[in-house]
$ cat work13.txt   # compact mmCIF, C-alpha atoms
# COMPACT_ATOMS: atom_id res chain seq x y z
CA MET A 1 83.66 147.69 14.25
CA SER A 2 87.13 146.41 15.12
CA ASP A 3 90.39 147.28 13.36
CA VAL A 4 91.13 145.63 10.07
CA ILE A 5 93.32 142.53 10.43
CA THR A 6 95.82 142.34 7.58
CA THR A 7 97.27 138.94 6.71
CA ASP A 8 98.47 136.83 3.78
CA VAL A 9 95.71 134.27 3.82
CA VAL A 10 92.32 133.80 5.46
CA ILE A 11 91.16 130.18 5.69
CA ILE A 12 87.43 129.71 6.12
CA GLY A 13 86.89 126.52 8.09
CA ALA A 14 89.02 124.90 10.80
CA GLY A 15 88.24 121.31 9.87
CA PRO A 16 90.97 118.84 8.89
CA CYS A 17 91.53 120.38 5.44
CA GLY A 18 91.65 123.94 6.79
CA LEU A 19 94.18 122.87 9.42
CA PHE A 20 96.40 121.06 6.93
CA THR A 21 96.24 124.12 4.66
CA VAL A 22 97.87 126.07 7.51
CA PHE A 23 100.72 123.56 7.46
CA GLU A 24 101.25 123.57 3.68
CA LEU A 25 101.15 127.38 3.52
CA GLY A 26 103.38 127.60 6.57
CA LEU A 27 106.14 125.62 4.82
CA LEU A 28 106.09 128.39 2.21
CA ASP A 29 106.31 131.11 4.91
CA ILE A 30 102.74 132.19 4.41
CA LYS A 31 100.83 133.31 7.51
CA CYS A 32 97.19 132.45 8.08
CA HIS A 33 94.16 133.45 10.05
CA VAL A 34 91.58 130.67 10.37
CA LEU A 35 87.87 131.32 10.91
CA ASP A 36 85.19 128.85 11.96
CA ILE A 37 81.54 129.06 12.92
CA LEU A 38 82.03 126.43 15.63
CA ASP A 39 83.64 127.22 18.98
CA ARG A 40 86.58 124.86 18.42
CA PRO A 41 88.69 123.34 15.64
CA GLY A 42 87.86 120.07 13.87
CA GLY A 43 84.76 120.83 11.81
CA GLN A 44 82.71 117.69 11.22
CA CYS A 45 85.36 115.63 13.04
CA ALA A 46 84.65 117.68 16.17
CA GLU A 47 80.94 118.24 15.80
CA LEU A 48 79.55 115.11 14.16
CA TYR A 49 81.88 112.26 15.01
CA PRO A 50 84.59 113.14 17.57
CA GLU A 51 84.56 109.60 18.98
CA LYS A 52 83.99 107.63 15.80
CA PRO A 53 87.02 105.88 14.32
CA ILE A 54 88.33 106.92 10.89
CA TYR A 55 90.24 104.18 9.05
CA ASP A 56 91.36 105.85 5.81
CA ILE A 57 93.90 108.45 6.87
CA PRO A 58 97.26 107.41 5.36
CA ALA A 59 99.60 105.94 7.98
CA LEU A 60 96.98 106.12 10.72
CA PRO A 61 95.17 102.75 10.64
CA LEU A 62 92.68 104.03 13.19
CA VAL A 63 92.14 107.54 14.47
CA THR A 64 89.11 109.23 16.01
CA GLY A 65 87.80 112.57 14.76
CA ALA A 66 88.96 114.22 17.98
CA ASP A 67 92.47 112.71 17.77
CA LEU A 68 92.88 113.60 14.10
CA THR A 69 91.99 117.18 14.97
CA SER A 70 94.46 117.41 17.83
CA ARG A 71 97.24 115.90 15.68
CA LEU A 72 96.58 118.38 12.88
CA MET A 73 96.59 121.23 15.42
CA GLU A 74 99.97 119.99 16.64
CA GLN A 75 101.29 119.77 13.08
CA ALA A 76 100.11 123.32 12.29
CA ALA A 77 101.32 124.82 15.60
CA PRO A 78 104.87 125.79 14.44
CA PHE A 79 103.29 128.23 11.99
CA LYS A 80 101.31 130.00 14.72
CA PRO A 81 97.98 130.26 12.94
CA GLN A 82 95.55 132.69 14.53
CA PHE A 83 92.11 131.21 15.12
CA HIS A 84 88.84 133.09 15.32
CA PHE A 85 86.01 130.82 16.48
CA ASN A 86 82.25 131.45 16.56
CA GLN A 87 82.65 133.54 13.43
CA MET A 88 80.60 133.18 10.29
CA VAL A 89 81.98 134.96 7.24
CA THR A 90 79.16 137.15 6.00
CA SER A 91 80.82 138.90 3.08
CA LEU A 92 83.82 138.48 0.82
CA GLU A 93 84.69 141.13 -1.75
CA LYS A 94 87.60 141.90 -3.99
CA CYS A 95 89.26 145.20 -3.10
CA GLY A 96 91.58 146.65 -5.73
CA ASP A 97 93.55 144.29 -7.98
CA THR A 98 95.08 141.94 -5.47
CA ASP A 99 93.31 142.19 -2.11
CA PHE A 100 90.18 140.76 -0.57
CA VAL A 101 88.09 142.19 2.24
CA LEU A 102 86.26 139.68 4.37
CA MET A 103 83.77 140.40 7.15
CA THR A 104 82.26 138.18 9.85
CA ASP A 105 79.05 138.24 11.89
CA GLY A 106 81.26 138.96 14.91
CA ASP A 107 82.33 142.26 13.30
CA LEU A 108 85.85 141.12 12.42
CA VAL A 109 87.29 142.58 9.21
CA PHE A 110 90.20 141.01 7.33
CA ASN A 111 92.29 142.25 4.44
CA CYS A 112 94.18 139.48 2.66
CA LYS A 113 95.76 138.43 -0.64
CA VAL A 114 94.36 134.92 -0.77
CA VAL A 115 91.21 133.26 0.57
CA VAL A 116 90.95 129.51 1.05
CA ILE A 117 87.45 128.13 1.50
CA ALA A 118 87.72 124.88 3.46
CA ALA A 119 84.17 124.97 4.72
CA GLY A 120 83.27 121.28 4.28
CA GLY A 121 79.51 120.86 4.05
CA GLY A 122 79.00 124.55 4.78
CA SER A 123 78.22 126.40 7.99
CA PHE A 124 76.96 124.46 10.97
CA MET A 125 73.62 125.87 12.04
CA PRO A 126 71.11 124.67 14.63
CA LYS A 127 68.42 122.37 13.25
CA LYS A 128 65.10 124.16 13.32
CA PRO A 129 62.21 121.75 13.84
CA PRO A 130 59.61 122.22 11.09
CA ILE A 131 56.74 122.96 13.48
CA PRO A 132 54.04 124.96 11.68
CA GLY A 133 54.30 128.68 12.51
CA ILE A 134 57.59 128.40 14.47
CA ASP A 135 59.17 131.22 12.42
CA ALA A 136 56.96 133.81 14.13
CA TYR A 137 58.37 132.86 17.54
CA GLU A 138 62.06 132.54 16.64
CA GLY A 139 64.25 135.10 18.39
CA LYS A 140 61.34 136.22 20.61
CA SER A 141 60.31 133.16 22.58
CA VAL A 142 61.92 130.26 20.69
CA PHE A 143 65.72 130.10 20.81
CA TYR A 144 68.25 127.60 19.44
CA SER A 145 71.09 128.53 21.77
CA VAL A 146 71.66 130.15 25.14
CA LYS A 147 73.75 133.30 24.78
CA LYS A 148 72.97 134.77 28.21
CA MET A 149 71.43 132.64 30.97
CA GLU A 150 69.88 135.74 32.57
CA ALA A 151 67.49 136.05 29.63
CA PHE A 152 65.71 132.95 30.95
CA ARG A 153 65.31 134.06 34.59
CA GLY A 154 61.72 133.72 35.81
CA LYS A 155 60.56 132.12 32.54
CA ASP A 156 58.45 129.04 32.01
CA VAL A 157 60.92 127.14 29.88
CA LEU A 158 60.32 124.10 27.69
CA ILE A 159 63.51 122.38 26.52
CA VAL A 160 63.14 119.84 23.72
CA GLY A 161 65.72 117.13 23.01
CA GLY A 162 67.62 114.29 24.66
CA GLY A 163 71.27 115.01 23.98
CA ASP A 164 73.95 116.78 26.00
CA SER A 165 72.90 120.31 25.00
CA ALA A 166 69.32 119.70 26.10
CA LEU A 167 70.28 118.06 29.41
CA ASP A 168 73.06 120.56 30.22
CA TRP A 169 70.71 123.50 29.77
CA VAL A 170 67.92 121.81 31.72
CA ASN A 171 70.25 121.44 34.68
CA ASN A 172 71.90 124.85 34.33
CA LEU A 173 68.76 126.90 33.74
CA GLN A 174 66.38 125.09 36.13
CA PRO A 175 67.49 127.05 39.24
CA ILE A 176 66.68 130.44 37.69
CA THR A 177 63.50 129.61 35.76
CA ASN A 178 59.96 129.88 37.10
CA SER A 179 59.21 126.42 35.70
CA MET A 180 61.17 123.93 33.63
CA THR A 181 59.87 121.12 31.45
CA LEU A 182 62.03 118.74 29.45
CA LEU A 183 60.35 117.09 26.48
CA HIS A 184 61.91 114.14 24.66
CA ARG A 185 60.55 111.53 22.29
CA ARG A 186 61.48 108.59 24.52
CA ASP A 187 62.36 108.02 28.15
CA GLU A 188 66.00 107.32 27.28
CA PHE A 189 68.73 109.89 26.87
CA ARG A 190 71.97 109.79 24.96
CA ALA A 191 73.41 112.57 27.13
CA ALA A 192 76.14 112.03 29.74
CA PRO A 193 74.79 109.75 32.53
CA ASP A 194 75.67 112.37 35.19
CA SER A 195 73.44 114.97 33.54
CA VAL A 196 70.62 112.48 33.12
CA ASN A 197 70.83 111.48 36.81
CA LYS A 198 70.80 115.12 37.88
CA MET A 199 67.72 115.79 35.75
CA ARG A 200 65.94 112.74 37.19
CA GLU A 201 66.71 113.96 40.72
CA LEU A 202 65.17 117.34 39.90
CA VAL A 203 62.07 115.59 38.56
CA ALA A 204 61.84 113.36 41.66
CA ALA A 205 62.13 116.44 43.89
CA GLY A 206 59.25 118.09 42.03
CA LYS A 207 61.47 120.91 40.77
CA MET A 208 60.84 120.24 37.09
CA LYS A 209 58.75 118.10 34.78
CA LEU A 210 59.71 115.48 32.24
CA ALA A 211 57.31 114.88 29.35
CA ILE A 212 57.61 112.18 26.71
CA GLY A 213 56.43 112.99 23.20
CA GLN A 214 57.01 115.23 20.21
CA VAL A 215 55.94 118.84 19.58
CA THR A 216 53.34 119.17 16.83
CA GLY A 217 52.14 122.73 17.29
CA LEU A 218 52.68 126.00 19.12
CA GLY A 219 50.19 128.36 20.74
CA GLY A 220 50.66 132.06 21.42
CA ALA A 221 50.36 135.50 19.88
CA ASP A 222 52.71 138.17 18.48
CA GLY A 223 55.73 135.93 18.72
CA MET A 224 55.14 135.18 22.39
CA LEU A 225 54.63 131.52 23.13
CA SER A 226 51.99 130.39 25.65
CA SER A 227 51.93 126.64 25.08
CA ALA A 228 53.26 123.78 23.00
CA THR A 229 51.05 120.96 21.77
CA VAL A 230 52.70 117.59 22.26
CA LYS A 231 51.77 114.22 20.82
CA GLY A 232 52.46 111.55 23.40
CA THR A 233 53.74 108.05 22.73
CA ASP A 234 50.15 106.74 23.07
CA GLY A 235 49.11 108.98 20.18
CA ASN A 236 47.11 111.36 22.38
CA SER A 237 47.93 115.08 22.40
CA PHE A 238 48.41 117.32 25.40
CA ASP A 239 49.53 120.92 25.98
CA VAL A 240 52.59 122.07 27.91
CA ALA A 241 52.33 125.63 29.25
CA CYS A 242 55.50 127.62 28.53
CA ASN A 243 56.56 131.08 27.44
CA THR A 244 59.99 130.08 26.18
CA MET A 245 61.07 127.07 24.14
CA LEU A 246 64.61 125.84 23.48
CA PRO A 247 64.76 123.04 20.86
CA PHE A 248 68.09 121.15 20.77
CA PHE A 249 68.14 118.84 17.74
CA GLY A 250 71.82 119.18 16.94
CA LEU A 251 73.41 121.05 14.07
CA THR A 252 73.12 120.76 10.35
CA MET A 253 75.24 122.19 7.57
CA LYS A 254 74.03 124.86 5.18
CA LEU A 255 76.07 126.44 2.42
CA GLY A 256 75.18 129.88 3.82
CA PRO A 257 76.73 133.13 2.56
CA VAL A 258 79.28 131.30 0.33
CA ALA A 259 76.54 131.18 -2.30
CA ASP A 260 76.62 134.99 -2.63
CA TRP A 261 80.30 135.50 -3.39
CA GLY A 262 80.17 135.24 -7.17
CA LEU A 263 81.75 131.78 -7.25
CA ASN A 264 80.74 129.19 -9.83
CA LEU A 265 78.76 126.51 -8.04
CA THR A 266 77.79 123.02 -9.15
CA GLU A 267 75.05 121.47 -6.99
CA ASN A 268 76.00 123.67 -4.04
CA LEU A 269 79.69 122.82 -4.35
CA ILE A 270 82.40 125.22 -5.48
CA ALA A 271 83.83 124.37 -8.89
CA VAL A 272 87.66 124.40 -8.97
CA ASP A 273 90.43 123.37 -11.36
CA THR A 274 92.55 120.33 -10.50
CA GLU A 275 95.93 122.01 -10.86
CA LYS A 276 95.58 124.77 -8.29
CA PHE A 277 92.13 124.13 -6.78
CA GLU A 278 91.29 127.72 -7.57
CA THR A 279 87.75 128.99 -8.12
CA ASN A 280 86.60 131.17 -11.02
CA VAL A 281 87.81 134.17 -8.95
CA SER A 282 91.61 134.26 -8.97
CA GLY A 283 92.93 134.34 -5.42
CA ILE A 284 89.99 132.42 -3.99
CA PHE A 285 90.65 128.69 -3.57
CA ALA A 286 88.43 125.88 -2.30
CA VAL A 287 89.71 122.64 -0.75
CA GLY A 288 88.08 119.64 0.88
CA ASP A 289 84.44 118.57 0.85
CA ILE A 290 83.17 121.95 -0.35
CA ASN A 291 84.82 121.80 -3.78
CA THR A 292 84.02 119.76 -6.84
CA TYR A 293 85.85 118.72 -10.00
CA PRO A 294 85.70 115.71 -12.29
CA GLY A 295 86.41 112.60 -10.22
CA LYS A 296 86.16 114.36 -6.86
CA LEU A 297 86.00 112.10 -3.82
CA LYS A 298 84.91 113.58 -0.49
CA LEU A 299 87.77 112.11 1.50
CA ILE A 300 89.94 113.91 4.02
CA LEU A 301 93.04 112.64 2.21
CA SER A 302 91.88 114.28 -1.03
CA GLY A 303 91.59 117.59 0.81
CA PHE A 304 95.18 117.24 2.06
CA HIS A 305 96.44 116.81 -1.51
CA GLU A 306 94.38 119.79 -2.66
CA ALA A 307 95.86 121.94 0.11
CA ALA A 308 99.43 121.12 -0.95
CA LEU A 309 98.80 122.08 -4.56
CA MET A 310 96.81 125.23 -3.86
CA ALA A 311 99.60 126.47 -1.58
CA GLN A 312 101.95 126.63 -4.58
CA GLN A 313 99.69 129.05 -6.42
CA ALA A 314 99.00 131.06 -3.24
CA PHE A 315 102.77 131.57 -2.95
CA ARG A 316 102.87 133.07 -6.44
CA TYR A 317 100.12 135.55 -5.58
CA ILE A 318 101.70 136.55 -2.28
CA ASN A 319 105.29 136.74 -3.58
CA PRO A 320 104.95 137.86 -7.20
CA GLY A 321 108.09 137.25 -9.25
CA GLU A 322 109.78 135.14 -6.57
CA ARG A 323 110.99 131.68 -7.49
CA LEU A 324 109.35 128.83 -5.61
CA LEU A 325 111.84 126.13 -4.68
CA PHE A 326 110.37 122.68 -4.12
CA GLN A 327 111.81 121.11 -0.96
CA TYR A 328 111.32 118.02 1.18
CA THR A 329 110.88 118.19 4.96
CA THR A 330 113.19 115.16 5.27
CA SER A 331 116.20 116.94 3.80
CA SER A 332 115.65 120.69 3.81
CA THR A 333 117.25 122.46 6.79
CA ASN A 334 115.26 125.50 5.78
CA LEU A 335 111.94 123.67 6.17
CA GLN A 336 113.14 121.96 9.35
CA LYS A 337 113.94 125.37 10.87
CA LYS A 338 110.42 126.53 10.11
CA LEU A 339 109.10 123.41 11.82
CA GLY A 340 111.33 124.13 14.83
CA VAL A 341 113.21 120.82 14.57
CA ALA A 342 116.56 121.94 13.14
CA MET B 1 69.81 95.02 -8.23
CA ALA B 2 66.78 96.21 -6.25
CA LYS B 3 64.30 98.88 -7.25
CA ILE B 4 63.79 101.37 -4.47
CA THR B 5 61.03 103.95 -4.57
CA PHE B 6 61.32 107.22 -2.69
CA ILE B 7 57.96 108.89 -2.11
CA GLN B 8 58.35 112.63 -1.79
CA HIS B 9 56.31 114.69 0.65
CA ASN B 10 54.31 116.09 -2.29
CA GLY B 11 53.46 112.57 -3.48
CA ASN B 12 55.96 112.44 -6.36
CA GLU B 13 57.78 109.14 -6.63
CA ILE B 14 61.37 108.52 -7.70
CA THR B 15 62.41 104.94 -8.36
CA ALA B 16 66.12 104.21 -8.35
CA ASP B 17 68.26 101.13 -8.90
CA GLY B 18 69.86 100.08 -5.66
CA ILE B 19 73.01 98.00 -5.82
CA ALA B 20 73.40 95.23 -3.25
CA GLY B 21 75.81 96.30 -0.54
CA MET B 22 75.12 100.01 -0.95
CA THR B 23 72.83 101.71 1.52
CA VAL B 24 69.41 103.16 0.77
CA MET B 25 70.88 106.60 1.60
CA GLU B 26 73.69 106.15 -0.95
CA THR B 27 71.14 105.07 -3.55
CA ALA B 28 69.16 108.25 -2.89
CA VAL B 29 72.19 110.54 -3.03
CA LYS B 30 73.53 108.91 -6.19
CA ASN B 31 70.16 109.46 -7.86
CA GLN B 32 69.76 112.99 -6.49
CA VAL B 33 66.59 112.22 -4.59
CA PRO B 34 65.51 115.51 -2.96
CA GLY B 35 65.08 115.46 0.81
CA ILE B 36 67.89 113.04 1.68
CA ASP B 37 70.60 115.43 2.87
CA ALA B 38 73.03 112.91 4.42
CA ASP B 39 75.23 115.63 5.96
CA CYS B 40 77.68 113.19 7.54
CA GLY B 41 78.04 110.96 4.49
CA GLY B 42 76.81 107.78 6.14
CA ALA B 43 78.54 107.72 9.51
CA CYS B 44 75.22 107.52 11.40
CA ALA B 45 76.15 110.85 12.94
CA CYS B 46 73.61 113.40 11.76
CA ALA B 47 70.06 112.05 11.26
CA THR B 48 69.56 113.93 7.97
CA CYS B 49 68.72 110.82 5.91
CA HIS B 50 65.54 110.05 7.88
CA VAL B 51 62.85 108.06 6.02
CA TYR B 52 59.57 106.35 6.84
CA VAL B 53 59.54 102.74 5.65
CA GLU B 54 56.17 101.83 4.13
CA PRO B 55 54.33 99.48 6.56
CA ASP B 56 54.53 96.32 4.43
CA TRP B 57 58.33 96.67 4.21
CA VAL B 58 59.06 97.26 7.90
CA ALA B 59 59.65 93.56 8.63
CA LYS B 60 62.09 93.18 5.72
CA THR B 61 64.17 96.28 6.50
CA GLY B 62 64.53 95.12 10.09
CA LYS B 63 64.90 96.95 13.37
CA ARG B 64 66.81 100.12 14.16
CA ASN B 65 70.21 99.49 15.69
CA PRO B 66 70.98 101.19 19.05
CA MET B 67 73.25 103.85 17.50
CA GLU B 68 70.54 104.66 14.97
CA GLU B 69 67.92 104.86 17.75
CA ASP B 70 70.11 107.44 19.51
CA MET B 71 70.64 109.46 16.35
CA LEU B 72 66.90 109.54 15.68
CA ASP B 73 66.70 111.86 18.72
CA PHE B 74 68.01 114.49 16.28
CA ALA B 75 65.29 113.84 13.72
CA PHE B 76 61.85 115.42 13.70
CA ASP B 77 58.47 113.65 13.79
CA VAL B 78 59.95 110.23 14.54
CA ARG B 79 57.42 107.44 14.04
CA ASP B 80 57.42 103.67 14.58
CA ASN B 81 58.52 103.15 10.96
CA SER B 82 61.29 105.78 11.08
CA ARG B 83 64.73 104.68 9.92
CA LEU B 84 67.97 106.37 8.98
CA SER B 85 68.42 105.33 5.37
CA CYS B 86 72.22 105.09 5.79
CA GLN B 87 71.58 102.11 8.07
CA ILE B 88 69.49 100.10 5.58
CA LYS B 89 71.64 97.94 3.32
CA VAL B 90 70.27 97.22 -0.14
CA SER B 91 69.82 93.54 -0.98
CA ASP B 92 67.79 91.56 -3.50
CA ALA B 93 65.26 90.93 -0.74
CA LEU B 94 64.50 94.65 -0.74
CA ASP B 95 63.59 94.76 -4.45
CA GLY B 96 60.49 96.97 -4.61
CA LEU B 97 61.16 98.74 -1.28
CA ARG B 98 59.10 101.90 -0.77
CA VAL B 99 60.10 104.64 1.68
CA LYS B 100 58.60 108.06 2.35
CA VAL B 101 60.89 111.07 2.55
CA PRO B 102 59.90 113.63 5.24
CA GLU B 103 59.04 117.18 4.23
CA LYS B 104 62.35 118.43 5.59
CA GLN B 105 65.41 116.84 7.16
CA PHE B 106 65.79 120.28 8.89
$ encode --input "work13.txt" --output "structure tokens"
Amino acid sequence: MSDVITTDVVIIGAGPCGLFTVFELGLLDIKCHVLDILDRPGGQCAELYPEKPIYDIPALPLVTGADLTSRLMEQAAPFKPQFHFNQMVTSLEKCGDTDFVLMTDGDLVFNCKVVVIAAGGGSFMPKKPPIPGIDAYEGKSVFYSVKKMEAFRGKDVLIVGGGDSALDWVNNLQPITNSMTLLHRRDEFRAAPDSVNKMRELVAAGKMKLAIGQVTGLGGADGMLSSATVKGTDGNSFDVACNTMLPFFGLTMKLGPVADWGLNLTENLIAVDTEKFETNVSGIFAVGDINTYPGKLKLILSGFHEAALMAQQAFRYINPGERLLFQYTTSSTNLQKKLGVA
Amino acid sequence: MAKITFIQHNGNEITADGIAGMTVMETAVKNQVPGIDADCGGACACATCHVYVEPDWVAKTGKRNPMEEDMLDFAFDVRDNSRLSCQIKVSDALDGLRVKVPEKQF
């Protein structure tokens, strides 16, 4: 267990609303640590649609998910937020009258005065194909990610999927496996052309197999896979011998541990007021897609507004008794100094 | 207005009023049809609004577009009548449309 990190605010989620929360809190001299389950900032903008254009960000007639993320990172940079990626918050508890203790699956522990949940649609988790009996193999011979390549040395590996993750791991793991089979539902791949070409060269050289079809069943015992049953495009089934399977069907969002923190939920969304965007637990706020209130619209611009208002109340918790002076970035030398422009 | 029926995996049926111009996915979400997750909100970026169009409606709902075909790689048990419901626009011609919802969008 690492040392406790003490800070003003922990923001859960490094998507656009989490990033803009850093900015709004920063203007009020409040320091933040930002956690995200992904390995980079941007949330849905990074994971689901980095290259798709967004047309409804004020003053940006067209911006891609990736560009919006990098601009928000730039805007937040003067406030030196500290990011912790690949971290899922597993517990959040009140500690004493004013503090919260927050723990992650990566054994990080935070002590803070205010928590902002900006977790969008929830935690991104790998999609688990609903193949009958797959649960028994998960973690033993079916894996949804590659943590250490060495674990796959000498194995008979079946990789399922046609995107970049599937193709990258086919090409990276093939040299160390005993046998490699790639299974995809069609003989077309949406992965980078380079990776697809490399895979096709390996197939042509007889170093791996490519099968077209979809998995319908698994064979094996005690969690150890011995084969996968595949339905081909002609409707006929065949077996692929393998002792390890890696399905790559992308990520999906699940609310996850947030449901266990004693917050009032409405249809899996966190209920907040519309003055401070605070939950039923004082000191815990929710902004962006994860919150709900009468009239809520799941738009990035709504999350930005919510962040600005919640920051005001966060200031009062962090600086009890201090007067909060409303200032504009256009005219306040004080704010401009914080932004590093004055 | 077009009546759209969502057939659940357990056989239950939910019929909802679709408004022309909205998508079948939006109609499902608005009427809280279980099994249509629509993680990405309709950007054709997640494949969690997968449905099977009933055979006699396949011609009317049309063909998958190339982006949708790519995204279906992230769906499970893709069949010839698989569509992403965010890519089917409701119109009067689809009045009576019937689609099956898979057991799980996973």
$ interface_residues --input "work13.txt" --of "chain A" --to "chain B" --cutoff "6 Å" --atoms "all atoms listed in the file" --output "list in words"
Leu48, Lys127, Lys128 and Phe249 of chain A
$ atom_distance --input "work13.txt" --atom1 "atom CA of Leu265 of chain A" --atom2 "atom CA of Val22 of chain A"
24.6 Å
$ closest_residue --input "work13.txt" --among "B:Ala2, B:Ile19, B:Val29, B:Ile7" --to "Lys100 of chain B" --atoms "only C-alpha atoms"
B:Ile7
$ closest_residue --input "work13.txt" --among "A:Met253, A:Val160, A:Val9, A:Val101" --to "Phe189 of chain A" --atoms "only C-alpha atoms"
A:Val160
$ closest_residue --input "work13.txt" --among "A:Thr69, A:Asn243, A:Thr104, A:Thr229" --to "Phe85 of chain A" --atoms "all atoms listed in the file"
A:Thr104
$ residues_near_point --input "work13.txt" --point "(56.3, 128.9, 17.8)" --cutoff "9 Å" --atoms "all atoms listed in the file" --output "list in words"
Ile131, Pro132, Gly133, Ile134, Asp135, Ala136, Tyr137, Glu138, Ser141, Val142, Gly217, Leu218, Gly219, Gly220, Gly223, Met224, Leu225, Ser227, Ala228 and Met245 of chain A
$ residues_around --input "work13.txt" --residues "segment 36-45 of chain A" --least-positions-apart "3" --cutoff "10 Å" --atoms "only C-alpha atoms" --output "ChimeraX atom specification"
/A:11-19,48-54,64-70,72-73,83-89,104-105,118-125,253 /B:39-40,45
$ closest_residue --input "work13.txt" --among "B:Gln32, B:Thr23, B:Asn81, B:Thr15" --to "Gly62 of chain B" --atoms "only C-alpha atoms"
B:Asn81
$ atom_distance --input "work13.txt" --atom1 "atom CA of Asp234 of chain A" --atom2 "atom CA of Ile212 of chain A"
9.9 Å
$ closest_residue --input "work13.txt" --among "A:Leu158, A:Gln75, A:Asn291, A:Pro130" --to "Thr216 of chain A" --atoms "all atoms listed in the file"
A:Pro130
$ atom_distance --input "work13.txt" --atom1 "atom CA of Lys207 of chain A" --atom2 "atom CA of Met180 of chain A"
7.8 Å
$ closest_residue --input "work13.txt" --among "A:Ala307, A:Ala271, A:Ile318, A:Met208" --to "Phe23 of chain A" --atoms "all atoms listed in the file"
A:Ala307
$ residues_near_point --input "work13.txt" --point "(57.8, 115.4, 2.8)" --cutoff "7 Å" --atoms "all atoms listed in the file" --output "VMD selection string"
chain B and resid 8 to 10 101 to 104
$ residues_around --input "work13.txt" --residues "Ala59 of chain B" --least-positions-apart "2" --cutoff "12 Å" --atoms "all atoms listed in the file" --output "NGL selection string"
:B and (53-57 or 61-64 or 80-81 or 93-94 or 97)
$ axis_aligned_box --input "work13.txt" --around "segment 39-56 of chain B" --padding-each-side "6 Å" --output "AutoDock Vina command-line options"
--center_x 66.4 --center_y 106.0 --center_z 8.5 --size_x 36.2 --size_y 31.3 --size_z 20.8
$ decode --input "work13.txt" --residues "segment 217-229 of chain A" --atoms "N, CA and C atoms" --output "short mmCIF file (atom, residue, chain, number, x, y, z; two decimals), in the first residue's frame"
data_model
loop_
_atom_site.label_atom_id
_atom_site.label_comp_id
_atom_site.auth_asym_id
_atom_site.auth_seq_id
_atom_site.Cartn_x
_atom_site.Cartn_y
_atom_site.Cartn_z
N GLY A 217 -19.23 -21.57 -28.78
CA GLY A 217 -19.07 -22.39 -27.58
C GLY A 217 -17.61 -22.63 -27.27
N LEU A 218 -17.35 -23.05 -26.02
CA LEU A 218 -15.99 -23.31 -25.58
C LEU A 218 -15.91 -24.72 -25.03
N GLY A 219 -14.76 -25.38 -25.29
CA GLY A 219 -14.54 -26.71 -24.72
C GLY A 219 -13.34 -26.69 -23.81
N GLY A 220 -13.39 -27.50 -22.75
CA GLY A 220 -12.27 -27.55 -21.81
C GLY A 220 -12.75 -28.05 -20.47
N ALA A 221 -11.85 -28.01 -19.48
CA ALA A 221 -12.23 -28.47 -18.14
C ALA A 221 -11.46 -27.67 -17.10
N ASP A 222 -12.06 -27.46 -15.95
CA ASP A 222 -11.45 -26.76 -14.81
C ASP A 222 -10.87 -25.40 -15.20
N GLY A 223 -11.56 -24.70 -16.06
CA GLY A 223 -11.11 -23.36 -16.41
C GLY A 223 -10.05 -23.34 -17.49
N MET A 224 -9.58 -24.53 -17.91
CA MET A 224 -8.56 -24.58 -18.94
C MET A 224 -9.19 -24.94 -20.28
N LEU A 225 -9.03 -24.01 -21.21
CA LEU A 225 -9.64 -24.14 -22.52
C LEU A 225 -8.90 -25.18 -23.36
N SER A 226 -9.63 -25.96 -24.17
CA SER A 226 -8.95 -26.86 -25.11
C SER A 226 -9.38 -26.58 -26.55
N SER A 227 -10.57 -26.00 -26.71
CA SER A 227 -11.01 -25.65 -28.07
C SER A 227 -12.12 -24.62 -28.03
N ALA A 228 -12.32 -23.98 -29.17
CA ALA A 228 -13.46 -23.07 -29.31
C ALA A 228 -14.27 -23.55 -30.51
N THR A 229 -15.59 -23.58 -30.34
CA THR A 229 -16.45 -23.96 -31.46
C THR A 229 -16.83 -22.69 -32.21
#
